[in-house]
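The file query34.cif contains mmCIF, C-alpha atoms and all ligand atoms:
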```cif
data_query
loop_
_atom_site.label_atom_id
_atom_site.label_comp_id
_atom_site.auth_asym_id
_atom_site.auth_seq_id
_atom_site.Cartn_x
_atom_site.Cartn_y
_atom_site.Cartn_z
CA MET A 77 134.24 160.02 100.74
CA GLN A 78 135.87 161.15 103.99
CA LYS A 79 139.55 162.13 103.81
CA THR A 80 141.49 160.49 106.63
CA VAL A 81 144.38 162.27 108.38
CA LEU A 82 147.26 161.03 110.53
CA CYS A 83 147.95 162.08 114.11
CA VAL A 84 151.28 160.73 115.29
CA ASN A 85 151.50 159.42 118.84
CA ILE A 86 154.94 160.47 120.11
CA ASP A 87 154.80 158.83 123.57
CA HIS A 88 157.73 156.54 122.75
CA VAL A 89 160.05 159.44 122.02
CA ALA A 90 159.48 160.33 125.67
CA THR A 91 159.86 156.66 126.69
CA LEU A 92 163.39 156.75 125.28
CA ARG A 93 164.20 160.03 127.00
CA GLN A 94 162.89 158.77 130.35
CA ALA A 95 165.15 155.69 130.07
CA ARG A 96 168.11 158.00 130.77
CA GLY A 97 166.26 160.73 132.65
CA GLY A 98 167.87 163.40 130.45
CA ILE A 99 166.58 165.71 127.74
CA GLU A 100 167.08 163.59 124.58
CA PRO A 101 165.22 162.73 122.44
CA ASP A 102 162.91 165.71 122.81
CA PRO A 103 159.19 165.10 122.09
CA ILE A 104 158.78 168.75 121.10
CA GLU A 105 161.36 168.37 118.33
CA ALA A 106 159.67 165.11 117.32
CA ALA A 107 156.31 166.87 117.03
CA LEU A 108 157.83 169.49 114.72
CA VAL A 109 159.33 166.78 112.47
CA CYS A 110 155.98 164.92 112.35
CA GLU A 111 154.06 168.04 111.42
CA ASP A 112 156.63 169.01 108.77
CA ASN A 113 156.19 165.58 107.18
CA GLY A 114 152.48 165.11 106.78
CA ALA A 115 151.03 164.67 110.27
CA ALA A 116 147.82 166.64 110.78
CA GLY A 117 148.20 166.42 114.52
CA ILE A 118 150.11 165.12 117.51
CA THR A 119 148.79 162.68 120.09
CA VAL A 120 150.23 162.06 123.55
CA HIS A 121 149.01 160.04 126.50
CA LEU A 122 149.67 161.69 129.85
CA ARG A 123 149.57 158.60 132.05
CA GLU A 124 148.90 158.72 135.78
CA ASP A 125 152.33 157.19 136.47
CA ARG A 126 154.03 159.67 134.06
CA ARG A 127 156.07 156.82 132.59
CA HIS A 128 156.73 158.69 129.34
CA ILE A 129 155.05 162.02 128.58
CA GLN A 130 155.42 164.59 131.39
CA ASP A 131 153.24 167.59 132.28
CA MET A 132 155.92 169.96 130.89
CA ASP A 133 155.82 168.11 127.52
CA VAL A 134 152.09 168.68 127.18
CA ALA A 135 152.49 172.38 128.00
CA GLY A 136 155.39 172.71 125.54
CA LEU A 137 153.49 170.89 122.80
CA ARG A 138 150.56 173.25 123.28
CA ASP A 139 152.92 176.10 122.31
CA VAL A 140 154.37 174.48 119.16
CA VAL A 141 151.77 172.14 117.64
CA ARG A 142 150.09 173.87 114.71
CA GLY A 143 147.57 171.13 113.88
CA LYS A 144 145.46 169.17 116.35
CA LEU A 145 146.92 168.42 119.79
CA ASN A 146 145.08 165.33 121.02
CA LEU A 147 145.59 164.41 124.67
CA GLU A 148 144.80 160.81 125.63
CA MET A 149 143.87 160.57 129.29
CA ALA A 150 142.13 158.55 131.96
CA LEU A 151 139.10 159.83 133.85
CA SER A 152 141.30 160.92 136.75
CA ASP A 153 140.99 164.21 138.65
CA ASP A 154 144.74 164.85 138.52
CA ILE A 155 144.96 164.45 134.73
CA ILE A 156 141.71 166.33 134.14
CA SER A 157 143.11 169.36 135.96
CA VAL A 158 146.32 169.28 133.86
CA ALA A 159 144.21 169.04 130.68
CA ARG A 160 142.02 171.97 131.75
CA ARG A 161 145.12 174.13 132.22
CA VAL A 162 146.71 173.13 128.90
CA VAL A 163 143.54 173.22 126.75
CA PRO A 164 144.47 170.74 123.97
CA ASN A 165 142.31 170.73 120.83
CA GLN A 166 140.91 167.32 121.72
CA ILE A 167 140.93 164.92 124.63
CA THR A 168 140.56 161.17 124.11
CA LEU A 169 139.31 159.36 127.19
CA VAL A 170 140.95 155.95 127.63
CA PRO A 171 140.87 153.28 130.33
CA GLU A 172 144.13 153.03 132.25
CA LYS A 173 145.66 150.39 134.47
CA ARG A 174 149.01 151.11 136.07
CA GLN A 175 150.53 147.69 135.34
CA GLU A 176 149.61 147.55 131.63
CA LEU A 177 152.29 147.98 128.94
CA THR A 178 149.86 149.92 126.74
CA THR A 179 146.12 150.71 126.76
CA GLU A 180 144.17 147.44 127.00
CA GLY A 181 140.59 147.38 125.75
CA GLY A 182 138.19 150.24 125.24
CA LEU A 183 136.59 152.54 127.76
CA ASP A 184 133.72 151.07 129.79
CA VAL A 185 131.23 153.69 128.68
CA ALA A 186 128.24 152.07 130.44
CA ALA A 187 129.93 151.98 133.85
CA ASN A 188 131.34 155.53 133.53
CA LYS A 189 128.52 157.19 131.61
CA ALA A 190 127.57 159.85 134.18
CA ARG A 191 131.21 160.87 134.72
CA ILE A 192 131.90 160.95 130.96
CA ILE A 193 128.87 163.22 130.42
CA GLU A 194 130.16 165.55 133.14
CA VAL A 195 133.75 165.59 131.77
CA ALA A 196 132.55 166.06 128.17
CA ARG A 197 130.55 169.11 129.25
CA MET A 198 133.49 170.48 131.22
CA PHE A 199 135.76 170.28 128.15
CA HIS A 200 133.15 171.50 125.67
CA ASP A 201 132.79 174.61 127.87
CA ILE A 202 136.46 175.45 127.19
CA GLY A 203 136.25 174.62 123.47
CA VAL A 204 137.89 171.17 123.57
CA LEU A 205 136.62 168.29 121.42
CA VAL A 206 135.96 165.00 123.22
CA SER A 207 136.70 161.52 121.87
CA LEU A 208 136.11 158.14 123.55
CA PHE A 209 138.42 155.18 122.85
CA VAL A 210 135.98 152.28 122.49
CA GLU A 211 135.61 148.72 121.28
CA PRO A 212 134.04 148.49 117.80
CA ASP A 213 130.59 147.53 119.04
CA PRO A 214 127.38 149.30 117.90
CA ARG A 215 125.93 149.25 121.44
CA ILE A 216 129.00 151.05 122.81
CA VAL A 217 128.89 153.49 119.89
CA GLU A 218 125.27 154.22 120.81
CA LEU A 219 126.17 154.83 124.47
CA SER A 220 129.07 157.04 123.40
CA ARG A 221 126.71 159.22 121.37
CA GLU A 222 124.51 159.60 124.46
CA THR A 223 127.44 161.06 126.46
CA GLY A 224 127.67 164.04 124.10
CA ALA A 225 131.18 163.06 122.92
CA ASP A 226 132.14 164.40 119.50
CA PHE A 227 134.15 161.35 118.37
CA ILE A 228 134.68 157.71 119.06
CA GLU A 229 138.13 156.28 118.47
CA LEU A 230 137.60 152.70 117.34
CA HIS A 231 140.05 150.35 119.06
CA THR A 232 141.89 148.50 116.28
CA GLY A 233 144.05 146.41 118.62
CA THR A 234 142.08 143.16 118.30
CA TYR A 235 142.11 143.47 114.50
CA CYS A 236 145.88 144.04 114.57
CA GLY A 237 146.39 140.97 116.77
CA ALA A 238 144.09 138.73 114.68
CA ARG A 239 145.70 135.75 112.94
CA GLY A 240 144.38 133.98 109.82
CA GLU A 241 142.19 135.40 107.09
CA ALA A 242 138.83 134.54 108.69
CA GLU A 243 139.69 136.09 112.05
CA VAL A 244 141.15 139.21 110.43
CA GLN A 245 138.01 139.61 108.29
CA LYS A 246 135.77 139.13 111.34
CA GLU A 247 137.57 141.93 113.19
CA LEU A 248 137.47 144.21 110.15
CA ASP A 249 133.73 143.60 109.80
CA ARG A 250 133.25 144.59 113.47
CA ILE A 251 135.11 147.84 112.81
CA TYR A 252 133.18 148.60 109.60
CA ARG A 253 129.83 147.79 111.26
CA ALA A 254 130.58 150.02 114.26
CA ALA A 255 131.65 152.82 111.91
CA HIS A 256 128.46 152.51 109.82
CA HIS A 257 126.43 152.83 113.00
CA ALA A 258 128.46 155.82 114.20
CA LYS A 259 127.91 157.57 110.86
CA ALA A 260 124.19 156.82 110.96
CA ILE A 261 123.72 158.32 114.43
CA GLY A 262 126.06 161.27 113.89
CA ILE A 263 129.15 160.66 116.00
CA ARG A 264 132.50 161.27 114.30
CA ILE A 265 135.06 158.47 113.82
CA ASN A 266 138.74 158.08 114.65
CA ALA A 267 140.67 154.82 114.98
CA GLY A 268 143.94 153.54 116.35
CA HIS A 269 146.09 151.12 118.32
CA GLY A 270 148.55 148.61 116.93
CA LEU A 271 148.36 149.91 113.36
CA SER A 272 151.41 149.44 111.15
CA TYR A 273 152.59 149.79 107.56
CA ARG A 274 151.25 146.29 106.83
CA ASN A 275 147.84 146.20 108.53
CA LEU A 276 146.75 149.79 107.76
CA PRO A 277 145.25 149.57 104.19
CA PRO A 278 141.95 147.77 105.08
CA ILE A 279 141.40 150.21 107.96
CA LEU A 280 141.42 153.05 105.41
CA GLU A 281 138.20 151.51 103.99
CA THR A 282 136.38 152.29 107.27
CA PRO A 283 133.35 154.48 106.47
CA GLY A 284 133.63 158.06 107.73
CA LEU A 285 137.10 157.60 109.23
CA GLU A 286 138.57 161.05 110.03
CA GLU A 287 141.74 160.51 112.07
CA LEU A 288 144.18 157.72 112.74
CA ASN A 289 146.36 157.71 115.85
CA ILE A 290 149.54 155.77 115.15
CA GLY A 291 152.63 155.66 117.36
CA HIS A 292 154.62 152.51 118.04
CA SER A 293 155.12 151.36 114.45
CA ILE A 294 156.24 154.82 113.30
CA ILE A 295 158.76 155.29 116.11
CA SER A 296 160.01 151.70 115.60
CA ARG A 297 160.51 152.26 111.88
CA ALA A 298 162.20 155.60 112.55
CA VAL A 299 164.97 153.77 114.42
CA PHE A 300 165.97 151.89 111.27
CA LEU A 301 165.38 154.75 108.87
CA GLY A 302 167.75 156.85 111.00
CA LEU A 303 170.24 154.36 112.42
CA ALA A 304 172.57 154.18 109.39
CA ARG A 305 173.00 157.95 109.27
CA ALA A 306 173.41 158.26 113.03
CA VAL A 307 176.17 155.66 113.07
CA ARG A 308 177.89 157.19 110.03
CA GLU A 309 177.90 160.65 111.64
CA ILE A 310 179.65 159.49 114.79
CA ALA A 311 181.98 157.13 112.90
CA ASP A 312 183.05 160.11 110.75
CA ILE A 313 183.85 162.18 113.84
CA ILE A 314 186.06 159.36 115.13
CA ALA A 315 187.65 158.74 111.73
CA THR A 316 188.54 162.39 111.16
CA ALA A 317 189.98 163.04 114.64
CA ARG A 318 193.68 164.08 114.71
CA PRO A 319 195.96 161.16 115.51
CA ARG A 320 197.55 161.43 118.96
N1 LIG B 1 145.02 155.29 120.38
C1 LIG B 1 145.00 155.11 121.72
C2 LIG B 1 143.77 155.45 122.47
C3 LIG B 1 146.14 154.63 122.40
O1 LIG B 1 146.10 154.45 123.75
C4 LIG B 1 147.32 154.38 121.67
C5 LIG B 1 148.56 153.92 122.38
O2 LIG B 1 149.01 154.94 123.22
C6 LIG B 1 147.30 154.60 120.28
C7 LIG B 1 146.13 155.03 119.66
C8 LIG B 1 148.51 154.35 119.43
O3 LIG B 1 148.79 153.00 119.41
P1 LIG B 1 150.15 152.46 118.77
O4 LIG B 1 151.27 153.07 119.55
O5 LIG B 1 150.04 151.00 118.92
O6 LIG B 1 150.17 152.94 117.34
#
```

Let me see the structure of the file written as structure tokens.
Amino acid sequence: MQKTVLCVNIDHVATLRQARGGIEPDPIEAALVCEDNGAAGITVHLREDRRHIQDMDVAGLRDVVRGKLNLEMALSDDIISVARRVVPNQITLVPEKRQELTTEGGLDVAANKARIIEVARMFHDIGVLVSLFVEPDPRIVELSRETGADFIELHTGTYCGARGEAEVQKELDRIYRAAHHAKAIGIRINAGHGLSYRNLPPILETPGLEELNIGHSIISRAVFLGLARAVREIADIIATARPR
């Protein structure tokens, strides 16, 4: 049975930093904490609008990340040239719309097949693995294999948004079926989007699953795991100040 590893998506550490335009919290420091606590890799999405992760973050992460650095990116010339300079361990091609809050839907592999083949070759030439973020559909898995990509990342967002036992099971079956097909034709399997502490266990039953990319739920939980201590630290500074 395949051992599955965690890659932590740290985009939202940068989201918080960008809210003030300063230097805190630092995604580089976050990456070190993640790797020291069981993450096998770090994932970031360098978006065209640079709303969270910046070019300098990706370059800095390249210097410190010891495991896999996975760069999520659109098929855009600007981002491709940044990625070629940085040389992450893996790129994950995703669709991107400027107005969206987060990635919506999988990559349209059929419509972009020729460009994906070209980009996959370009990155293989510099030793970078290529993953495609796709809907869990055997036909799309098949097309993905034909592009020469090393991995598919199965989009788990619809499963995570499903309500009621029957709908949840239907979405899980789609994921399992797509994974079976991927295994059978020899393309490696990652998964992610919307996963949390509650909805993760059935996803771990996915055949051949190698890596999970999880971000929002980890950063959200970190707020509450850390808030008590953060408040106590500053309250202590105030409480122990000399009276004036
Ligand atoms: N995988 C891909 C391709 C994504 O675009 C994202 C969101 O940036 C994730 C995984 C992580 O999703 P979440 O933040 O919901 O865990």

Hey, which of A:Gly98, A:Pro103, A:Pro171, A:Gly224 ends up closest to ligand LIG 1 (chain B)? Count all atoms listed in the file.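 With all atoms listed in the file as the atom set, the closest residue is A:Pro171.
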
Ligand LIG 1 (chain B): which residues are within 9 Å, counting only C-alpha atoms and all ligand atoms? Reply as an MDAnalysis selection string. chainID A and resid 84:88 119:121 148:149 168:172 178:180 182 208:210 229:233 266:272 288:295

For the residues selected in the previous step, produce a file with C-alpha atoms as a JSON list (two decimals), in the frame of the given file.
```
[["chain", "number", "residue", "atom", "x", "y", "z"],
["A", 84, "VAL", "CA", 151.28, 160.73, 115.29],
["A", 85, "ASN", "CA", 151.50, 159.42, 118.84],
["A", 86, "ILE", "CA", 154.94, 160.47, 120.11],
["A", 87, "ASP", "CA", 154.80, 158.83, 123.57],
["A", 88, "HIS", "CA", 157.73, 156.54, 122.75],
["A", 119, "THR", "CA", 148.79, 162.68, 120.09],
["A", 120, "VAL", "CA", 150.23, 162.06, 123.55],
["A", 121, "HIS", "CA", 149.01, 160.04, 126.50],
["A", 148, "GLU", "CA", 144.80, 160.81, 125.63],
["A", 149, "MET", "CA", 143.87, 160.57, 129.29],
["A", 168, "THR", "CA", 140.56, 161.17, 124.11],
["A", 169, "LEU", "CA", 139.31, 159.36, 127.19],
["A", 170, "VAL", "CA", 140.95, 155.95, 127.63],
["A", 171, "PRO", "CA", 140.87, 153.28, 130.33],
["A", 172, "GLU", "CA", 144.13, 153.03, 132.25],
["A", 178, "THR", "CA", 149.86, 149.92, 126.74],
["A", 179, "THR", "CA", 146.12, 150.71, 126.76],
["A", 180, "GLU", "CA", 144.17, 147.44, 127.00],
["A", 182, "GLY", "CA", 138.19, 150.24, 125.24],
["A", 208, "LEU", "CA", 136.11, 158.14, 123.55],
["A", 209, "PHE", "CA", 138.42, 155.18, 122.85],
["A", 210, "VAL", "CA", 135.98, 152.28, 122.49],
["A", 229, "GLU", "CA", 138.13, 156.28, 118.47],
["A", 230, "LEU", "CA", 137.60, 152.70, 117.34],
["A", 231, "HIS", "CA", 140.05, 150.35, 119.06],
["A", 232, "THR", "CA", 141.89, 148.50, 116.28],
["A", 233, "GLY", "CA", 144.05, 146.41, 118.62],
["A", 266, "ASN", "CA", 138.74, 158.08, 114.65],
["A", 267, "ALA", "CA", 140.67, 154.82, 114.98],
["A", 268, "GLY", "CA", 143.94, 153.54, 116.35],
["A", 269, "HIS", "CA", 146.09, 151.12, 118.32],
["A", 270, "GLY", "CA", 148.55, 148.61, 116.93],
["A", 271, "LEU", "CA", 148.36, 149.91, 113.36],
["A", 272, "SER", "CA", 151.41, 149.44, 111.15],
["A", 288, "LEU", "CA", 144.18, 157.72, 112.74],
["A", 289, "ASN", "CA", 146.36, 157.71, 115.85],
["A", 290, "ILE", "CA", 149.54, 155.77, 115.15],
["A", 291, "GLY", "CA", 152.63, 155.66, 117.36],
["A", 292, "HIS", "CA", 154.62, 152.51, 118.04],
["A", 293, "SER", "CA", 155.12, 151.36, 114.45],
["A", 294, "ILE", "CA", 156.24, 154.82, 113.30],
["A", 295, "ILE", "CA", 158.76, 155.29, 116.11]]
```

What is the CA of Ala135 (chain A)-CA of Glu286 (chain A) distance in Å, reported with one decimal?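 If I compute the distance from CA of Ala135 (chain A) to CA of Glu286 (chain A), I get 25.4 Å.
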
Near-Tyr235 (chain A) list (7 Å; only C-alpha atoms; drop same-chain fewer than 6 positions) as number ranges by chain: A: 244, 247-248

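Minimum distance to Glu111 (chain A) across A:Ile216, A:Leu137, A:Val89, A:Ala95 (counting only C-alpha atoms) occurs at A:Leu137.
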
Using only C-alpha atoms, which protein or nucleic acid residues come within 12 Å of Glu287 (chain A)? Drop anything in the same chain fewer than 3 positions from it, and give the result as an MDAnalysis selection string. chainID A and resid 78:85 115:119 144 146 166 207 227:230 264:268 279:280 282:284 290

Would you work out the distance separating CA of Ile193 (chain A) from CA of Glu222 (chain A), expressed in Å to one decimal?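 Separation of CA of Ile193 (chain A) and CA of Glu222 (chain A): 8.2 Å.
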
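The coordinates place CA of Ala311 (chain A) at 25.9 Å from CA of Gln94 (chain A).
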
For each of A:Leu92, A:Ile251, A:Asp312, A:Glu105, take the minimum atom-to-atom distance to Leu285 (chain A), counting all atoms listed in the file, then give the residue where this is smallest.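 Closest to Leu285 (chain A), using all atoms listed in the file: A:Ile251.
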
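With distances taken over all atoms listed in the file, A:Ile129 is the one residue among A:Gly114, A:Ile129, A:Ile310, A:Arg305 lying closest to Arg93 (chain A).
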
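Between Val204 (chain A) and the residues A:Val162, A:Ala190, A:Ala107, A:Val185, the shortest atom-to-atom distance, using only C-alpha atoms, involves A:Val162.
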
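Between Arg138 (chain A) and the candidates A:Arg126, A:Ile104, A:Glu243, A:Ala150, the tightest atom-to-atom separation, counting only C-alpha atoms, involves A:Ile104.
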
Around (149.5, 176.3, 123.8) in the file's frame, which residues reach within 12 Å when counting all atoms listed in the file? Return as a list in words?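 Output of the proximity query reads Met132, Asp133, Val134, Ala135, Gly136, Leu137, Arg138, Asp139, Val140, Val141, Arg142, Gly143, Lys144, Leu145, Ala159, Arg160, Arg161, Val162, Val163, Pro164 and Asn165 of chain A.
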
For the selection you just gave me, I'd like the residues written to a file as a CSV table (one decimal), keeping the file's coordinate frame, keeping C-alpha atoms.
```
chain,number,residue,atom,x,y,z
A,132,MET,CA,155.9,170.0,130.9
A,133,ASP,CA,155.8,168.1,127.5
A,134,VAL,CA,152.1,168.7,127.2
A,135,ALA,CA,152.5,172.4,128.0
A,136,GLY,CA,155.4,172.7,125.5
A,137,LEU,CA,153.5,170.9,122.8
A,138,ARG,CA,150.6,173.2,123.3
A,139,ASP,CA,152.9,176.1,122.3
A,140,VAL,CA,154.4,174.5,119.2
A,141,VAL,CA,151.8,172.1,117.6
A,142,ARG,CA,150.1,173.9,114.7
A,143,GLY,CA,147.6,171.1,113.9
A,144,LYS,CA,145.5,169.2,116.4
A,145,LEU,CA,146.9,168.4,119.8
A,159,ALA,CA,144.2,169.0,130.7
A,160,ARG,CA,142.0,172.0,131.8
A,161,ARG,CA,145.1,174.1,132.2
A,162,VAL,CA,146.7,173.1,128.9
A,163,VAL,CA,143.5,173.2,126.8
A,164,PRO,CA,144.5,170.7,124.0
A,165,ASN,CA,142.3,170.7,120.8
```
